[in-house]
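Novice: One structure coming up, written as structure tokens, with questions to follow.
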2 protein chains.
Amino acid sequence: MAKSHATDPGNISPLEAVEGLKALAHPARLQIMDWLRDPHGEFSQWEPIADRDEVGVCVSHLQAKSGLAQSTVSSYMATLERAGLVRSTRIGKWIHYRRDEDVMSQLAEVLRGAQRP
Amino acid sequence: MAKSHATDPGNISPLEAVEGLKALAHPARLQIMDWLRDPHGEFSQWEPIADRDEVGVCVSHLQAKSGLAQSTVSSYMATLERAGLVRSTRIGKWIHYRRDEDVMSQLAEVLRGAQRP
DNA sequence: CGATCATATCGTTACATCGCGATATGTAAA
DNA sequence: TTTACATATCGCGATGTAACGATATGATCG
């Protein structure tokens with residue numbers, strides 16, 4: 001009787017979990033997700049475009065800190081967003097990405113073991 | 001960059017975390033890890049070789065339940081073991097695999113965000 | 001409008017993973 | 001020792017991912 005809507009707040013489906021894990025199973029993407037836990041602290045050397053605790057960090061700054069090509073960073077963030085791990089907000093020309101802590105917690109629960117029977 | 005003690009008991013290194021996430025980022029392997037959370041309940045239709053709550057489940061039974069080829073299951077379990085997510089015990093001719101709950105918890109913590117300061 | 005800047009998408013080559021059958025290894029029974 | 005069985009490893013073609021430069025899109029500013 002438990003129908004799973006894509007936006008079900010309580011639980012993530014096994015397939016969604018796999019997509020999330022694939023997105024995280026990469027050194028640079030995992031590191032970016034770690035940086036996004038504390039955007040204010042991690043990106044203090046770059047002038048913020050907007051409140052980072054609210055909207056996250058723009059691609060330019062992620063690129064600067066990571067040293068990767070712009071297209072690479074953009075593609076990584078698209079991967080993370082498709083997996084539902086981050087959300088994006090455009091502010092002027094800059095697109096900012098922030099963690100979706102809710103989804104990350106659900107993923108963590110899947111690993112620890114709290115799936116529906 | 002991170003100083004990595006391979007045998008650090010408290011925390012998993014970012015690179016080890018990536019290996020664990022890669023191993024889990026696959027539908028069949030994630031499902032197997034889920035089954036291994038409750039081997040007694042999940043494999044009740046097969047006669048246990050040994051106490052499943054202690055040593056886990058043998059490859060034959062994983063193969064039977066998954067429907068995959070023997071070589072495929074063996075390779076999956078090798079992947080999970082290399083990543084440190086399961087431990088193996090040989091009993092007679094049967095090799096049993098069980099979850100390493102400690103490592104799984106550490107992985108979950110990495111996702112939620114509790115890395116060493 | 002045209003120029004500029006931030007980001008996304010495309011096209012490419014290199015490399016990794018998938019899943020299997022075939023075969024090797026290793027253990028135990030006969 | 002021979003046989004049988006459980007598991008591991010090998011080799012393969014198919015598919016997917018990595019990372020980049022080039023280029024397209026889309027917003028802003030003059």
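Each chain in the structure tokens gets a letter, A, B, ..., in the order shown, and its residues are numbered from 1; ligands are numbered from 1 in order too.
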Determine, for each residue of chain B having at least one atom at most 7 Å from an atom of chain A, the closest pair of atoms and their separation in Å to one decimal, counting only C-alpha atoms; order by chain and ascending number, as a tab-separated table.
Specialist:
residue	atom	partner	partner_atom	distance
B:Leu15	CA	A:Pro27	CA	6.9
B:Val18	CA	A:Ala25	CA	5.0
B:Leu21	CA	A:Ala25	CA	4.9
B:Lys22	CA	A:Ala25	CA	4.9
B:Leu24	CA	A:Leu21	CA	6.8
B:Ala25	CA	A:Lys22	CA	4.9
B:His26	CA	A:Val18	CA	5.9
B:Pro27	CA	A:Val18	CA	6.2
B:Met104	CA	A:Arg112	CA	6.2
B:Ser105	CA	A:Arg112	CA	5.7
B:Ala108	CA	A:Ala108	CA	4.4
B:Glu109	CA	A:Ala108	CA	7.0
B:Leu111	CA	A:Ala108	CA	5.8
B:Arg112	CA	A:Ser105	CA	5.7
Novice: What would chain B look like once superposed on chain A, with the fit done by least squares over all C-alpha atoms paired in order? Give it as a tab-separated table (two decimals) with C-alpha atoms, in the first residue's frame.
Specialist:
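Contents of part_39.tsv, as written:
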chain	number	residue	atom	x	y	z
B	1	MET	CA	8.96	-4.93	-5.63
B	2	ALA	CA	8.66	-1.53	-4.12
B	3	LYS	CA	5.80	0.81	-4.84
B	4	SER	CA	7.49	4.10	-5.49
B	5	HIS	CA	5.93	7.46	-4.87
B	6	ALA	CA	8.33	9.82	-6.54
B	7	THR	CA	7.39	12.70	-4.25
B	8	ASP	CA	7.14	10.75	-1.04
B	9	PRO	CA	8.51	13.14	1.56
B	10	GLY	CA	9.46	10.62	4.20
B	11	ASN	CA	11.56	8.16	2.29
B	12	ILE	CA	13.62	7.80	-0.81
B	13	SER	CA	12.97	4.92	-3.20
B	14	PRO	CA	15.65	2.30	-3.85
B	15	LEU	CA	16.07	3.56	-7.39
B	16	GLU	CA	16.45	7.14	-6.26
B	17	ALA	CA	18.98	5.95	-3.72
B	18	VAL	CA	21.00	4.26	-6.43
B	19	GLU	CA	21.04	7.46	-8.46
B	20	GLY	CA	22.25	9.38	-5.44
B	21	LEU	CA	24.95	6.85	-4.69
B	22	LYS	CA	26.13	6.88	-8.31
B	23	ALA	CA	26.43	10.64	-8.16
B	24	LEU	CA	28.47	10.45	-4.95
B	25	ALA	CA	30.65	7.54	-6.07
B	26	HIS	CA	33.26	9.80	-7.57
B	27	PRO	CA	36.17	11.49	-5.79
B	28	ALA	CA	35.62	15.00	-7.10
B	29	ARG	CA	31.86	14.98	-6.64
B	30	LEU	CA	32.14	13.59	-3.13
B	31	GLN	CA	34.67	16.28	-2.31
B	32	ILE	CA	32.43	19.01	-3.68
B	33	MET	CA	29.58	17.73	-1.55
B	34	ASP	CA	31.92	17.87	1.42
B	35	TRP	CA	32.90	21.46	0.63
B	36	LEU	CA	29.24	22.40	0.39
B	37	ARG	CA	28.73	21.33	3.97
B	38	ASP	CA	30.58	24.46	5.04
B	39	PRO	CA	30.60	26.86	2.08
B	40	HIS	CA	31.40	29.85	4.24
B	41	GLY	CA	34.53	28.28	5.63
B	42	GLU	CA	35.69	26.40	2.54
B	43	PHE	CA	35.40	29.28	0.08
B	44	SER	CA	36.54	32.15	2.29
B	45	GLN	CA	39.25	33.14	-0.18
B	46	TRP	CA	36.69	34.06	-2.86
B	47	GLU	CA	34.37	37.01	-2.58
B	48	PRO	CA	30.87	35.65	-2.14
B	49	ILE	CA	28.25	36.66	-4.70
B	50	ALA	CA	25.54	36.05	-2.15
B	51	ASP	CA	25.09	34.55	1.29
B	52	ARG	CA	26.70	31.15	0.92
B	53	ASP	CA	24.97	29.64	3.90
B	54	GLU	CA	21.72	30.37	2.11
B	55	VAL	CA	22.30	29.69	-1.58
B	56	GLY	CA	25.59	27.85	-1.61
B	57	VAL	CA	28.48	28.37	-4.01
B	58	CYS	CA	28.61	29.39	-7.66
B	59	VAL	CA	30.16	27.23	-10.37
B	60	SER	CA	33.09	29.62	-10.90
B	61	HIS	CA	34.25	29.19	-7.35
B	62	LEU	CA	33.78	25.44	-7.43
B	63	GLN	CA	35.85	25.43	-10.60
B	64	ALA	CA	38.56	27.60	-9.06
B	65	LYS	CA	38.85	25.45	-5.94
B	66	SER	CA	38.73	22.12	-7.80
B	67	GLY	CA	41.01	23.05	-10.68
B	68	LEU	CA	38.79	21.18	-13.13
B	69	ALA	CA	37.52	22.41	-16.48
B	70	GLN	CA	34.40	24.54	-16.46
B	71	SER	CA	32.42	22.05	-18.52
B	72	THR	CA	33.45	19.28	-16.17
B	73	VAL	CA	32.28	21.11	-13.07
B	74	SER	CA	29.04	22.10	-14.74
B	75	SER	CA	28.38	18.52	-15.71
B	76	TYR	CA	29.18	17.29	-12.20
B	77	MET	CA	26.74	19.74	-10.66
B	78	ALA	CA	24.08	18.70	-13.16
B	79	THR	CA	24.65	15.10	-12.13
B	80	LEU	CA	24.32	15.96	-8.45
B	81	GLU	CA	21.20	18.02	-9.09
B	82	ARG	CA	19.52	15.31	-11.18
B	83	ALA	CA	20.16	12.95	-8.27
B	84	GLY	CA	18.47	15.45	-5.94
B	85	LEU	CA	21.53	15.96	-3.75
B	86	VAL	CA	21.86	19.69	-4.44
B	87	ARG	CA	19.53	22.55	-5.32
B	88	SER	CA	20.39	25.49	-7.52
B	89	THR	CA	19.60	29.18	-7.33
B	90	ARG	CA	20.44	31.75	-9.97
B	91	ILE	CA	21.64	35.10	-8.70
B	92	GLY	CA	22.52	37.43	-11.51
B	93	LYS	CA	24.67	35.47	-13.93
B	94	TRP	CA	25.81	33.08	-11.24
B	95	ILE	CA	24.15	29.80	-10.50
B	96	HIS	CA	24.68	28.71	-6.92
B	97	TYR	CA	24.47	25.19	-5.62
B	98	ARG	CA	23.75	24.11	-2.08
B	99	ARG	CA	23.37	20.71	-0.45
B	100	ASP	CA	19.95	19.25	0.13
B	101	GLU	CA	20.61	18.06	3.66
B	102	ASP	CA	17.27	16.35	3.86
B	103	VAL	CA	17.98	14.09	0.89
B	104	MET	CA	21.52	13.46	2.12
B	105	SER	CA	20.17	12.35	5.48
B	106	GLN	CA	17.70	10.03	3.80
B	107	LEU	CA	20.51	8.52	1.76
B	108	ALA	CA	22.54	8.01	4.90
B	109	GLU	CA	19.57	6.28	6.47
B	110	VAL	CA	19.32	3.90	3.52
B	111	LEU	CA	22.90	2.82	4.15
B	112	ARG	CA	22.38	2.36	7.84
B	113	GLY	CA	19.10	0.63	7.15
B	114	ALA	CA	15.84	2.38	7.87
B	115	GLN	CA	13.70	1.71	4.88
B	116	ARG	CA	9.91	1.89	5.02
B	117	PRO	CA	8.37	-1.28	6.50
Novice: Given a cut-off of 8 Å, which residues of chain C touch chain B, counting only C-alpha atoms (C1' of nucleotides), written out as an mmCIF file with N, CA and C atoms (P, O5', C5', C4', C3', O3' and C1' of nucleotides), in the first residue's frame?
Specialist:
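After the write, iface_8.cif holds the following:
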data_model
loop_
_atom_site.group_PDB
_atom_site.id
_atom_site.type_symbol
_atom_site.label_atom_id
_atom_site.label_comp_id
_atom_site.auth_asym_id
_atom_site.auth_seq_id
_atom_site.Cartn_x
_atom_site.Cartn_y
_atom_site.Cartn_z
ATOM 1 P P DG C 19 25.596 -5.834 -14.468
ATOM 2 O "O5'" DG C 19 25.758 -7.262 -15.117
ATOM 3 C "C5'" DG C 19 25.216 -7.486 -16.405
ATOM 4 C "C4'" DG C 19 25.810 -8.730 -16.968
ATOM 5 C "C3'" DG C 19 25.757 -9.940 -16.028
ATOM 6 O "O3'" DG C 19 24.808 -10.864 -16.525
ATOM 7 C "C1'" DG C 19 27.858 -9.745 -17.127
ATOM 8 P P DC C 20 24.578 -12.283 -15.895
ATOM 9 O "O5'" DC C 20 25.485 -13.236 -16.801
ATOM 10 C "C5'" DC C 20 25.198 -13.309 -18.209
ATOM 11 C "C4'" DC C 20 26.377 -13.863 -18.942
ATOM 12 C "C3'" DC C 20 26.780 -15.260 -18.506
ATOM 13 O "O3'" DC C 20 26.180 -16.206 -19.398
ATOM 14 C "C1'" DC C 20 28.676 -13.842 -18.920
ATOM 15 P P DT C 27 41.679 -24.671 0.546
ATOM 16 O "O5'" DT C 27 40.563 -25.635 1.149
ATOM 17 C "C5'" DT C 27 39.214 -25.202 1.136
ATOM 18 C "C4'" DT C 27 38.294 -26.378 0.956
ATOM 19 C "C3'" DT C 27 38.568 -27.568 1.895
ATOM 20 O "O3'" DT C 27 37.497 -27.636 2.810
ATOM 21 C "C1'" DT C 27 38.034 -28.254 -0.331
ATOM 22 P P DA C 28 37.526 -28.656 4.043
ATOM 23 O "O5'" DA C 28 36.582 -29.844 3.530
ATOM 24 C "C5'" DA C 28 35.370 -29.492 2.876
ATOM 25 C "C4'" DA C 28 34.781 -30.724 2.226
ATOM 26 C "C3'" DA C 28 34.855 -31.997 3.084
ATOM 27 O "O3'" DA C 28 33.621 -32.673 2.997
ATOM 28 C "C1'" DA C 28 35.814 -32.390 0.966
#
Novice: Where in chain B does DSSP assign strand (DSSP E), given as a ChimeraX atom specification?
Specialist: /B:57-58,86-91,94-99
Novice: Pull out every residue of chain D sitting within 12 Å of chain A, counting only C-alpha atoms (C1' of nucleotides), and send them as a VMD selection string.
Specialist: chain D and resid 17 to 23 26 to 29
Novice: Which of chain A end up as alpha helix (DSSP H) when DSSP is run on this backbone - answer as a PyMOL selection string?
Specialist: chain A and resi 14-24+27-35+39-42+52-55+59-66+70-82+101-112
Novice: Could the residues in this selection be saved with C-alpha atoms as an mmCIF file, in the first residue's frame?
Specialist:
data_model
loop_
_atom_site.group_PDB
_atom_site.id
_atom_site.type_symbol
_atom_site.label_atom_id
_atom_site.label_comp_id
_atom_site.auth_asym_id
_atom_site.auth_seq_id
_atom_site.Cartn_x
_atom_site.Cartn_y
_atom_site.Cartn_z
ATOM 1 C CA PRO A 14 16.416 1.804 -4.198
ATOM 2 C CA LEU A 15 16.911 3.073 -7.722
ATOM 3 C CA GLU A 16 17.111 6.665 -6.592
ATOM 4 C CA ALA A 17 19.603 5.568 -3.968
ATOM 5 C CA VAL A 18 21.783 3.940 -6.618
ATOM 6 C CA GLU A 19 21.762 7.138 -8.656
ATOM 7 C CA GLY A 20 22.801 9.112 -5.607
ATOM 8 C CA LEU A 21 25.580 6.690 -4.757
ATOM 9 C CA LYS A 22 26.861 6.751 -8.345
ATOM 10 C CA ALA A 23 27.014 10.517 -8.208
ATOM 11 C CA LEU A 24 28.971 10.420 -4.940
ATOM 12 C CA PRO A 27 36.641 11.760 -5.531
ATOM 13 C CA ALA A 28 35.989 15.235 -6.877
ATOM 14 C CA ARG A 29 32.218 15.079 -6.543
ATOM 15 C CA LEU A 30 32.438 13.707 -3.020
ATOM 16 C CA GLN A 31 34.828 16.477 -2.123
ATOM 17 C CA ILE A 32 32.547 19.120 -3.586
ATOM 18 C CA MET A 33 29.666 17.734 -1.526
ATOM 19 C CA ASP A 34 31.907 17.979 1.506
ATOM 20 C CA TRP A 35 32.783 21.589 0.725
ATOM 21 C CA PRO A 39 30.238 26.899 2.106
ATOM 22 C CA HIS A 40 30.843 29.943 4.259
ATOM 23 C CA GLY A 41 34.017 28.467 5.759
ATOM 24 C CA GLU A 42 35.337 26.635 2.716
ATOM 25 C CA ARG A 52 26.198 31.032 0.808
ATOM 26 C CA ASP A 53 24.449 29.463 3.750
ATOM 27 C CA GLU A 54 21.242 30.064 1.865
ATOM 28 C CA VAL A 55 21.958 29.410 -1.822
ATOM 29 C CA VAL A 59 30.164 27.243 -10.368
ATOM 30 C CA SER A 60 32.994 29.736 -10.819
ATOM 31 C CA HIS A 61 34.080 29.359 -7.223
ATOM 32 C CA LEU A 62 33.758 25.593 -7.310
ATOM 33 C CA GLN A 63 35.917 25.661 -10.406
ATOM 34 C CA ALA A 64 38.486 27.935 -8.798
ATOM 35 C CA LYS A 65 38.780 25.813 -5.673
ATOM 36 C CA SER A 66 38.855 22.487 -7.511
ATOM 37 C CA GLN A 70 34.710 24.731 -16.301
ATOM 38 C CA SER A 71 32.888 22.157 -18.410
ATOM 39 C CA THR A 72 33.950 19.417 -16.027
ATOM 40 C CA VAL A 73 32.606 21.208 -12.974
ATOM 41 C CA SER A 74 29.375 22.072 -14.737
ATOM 42 C CA SER A 75 28.878 18.458 -15.719
ATOM 43 C CA TYR A 76 29.611 17.266 -12.173
ATOM 44 C CA MET A 77 27.038 19.621 -10.733
ATOM 45 C CA ALA A 78 24.493 18.480 -13.319
ATOM 46 C CA THR A 79 25.170 14.903 -12.250
ATOM 47 C CA LEU A 80 24.711 15.768 -8.582
ATOM 48 C CA GLU A 81 21.531 17.688 -9.315
ATOM 49 C CA ARG A 82 20.018 14.915 -11.445
ATOM 50 C CA GLU A 101 20.538 17.750 3.403
ATOM 51 C CA ASP A 102 17.262 15.909 3.499
ATOM 52 C CA VAL A 103 18.146 13.671 0.583
ATOM 53 C CA MET A 104 21.672 13.185 1.917
ATOM 54 C CA SER A 105 20.266 12.033 5.246
ATOM 55 C CA GLN A 106 17.955 9.619 3.500
ATOM 56 C CA LEU A 107 20.890 8.214 1.544
ATOM 57 C CA ALA A 108 22.842 7.795 4.754
ATOM 58 C CA GLU A 109 19.892 5.943 6.245
ATOM 59 C CA VAL A 110 19.840 3.565 3.290
ATOM 60 C CA LEU A 111 23.437 2.627 4.039
ATOM 61 C CA ARG A 112 22.814 2.167 7.716
#
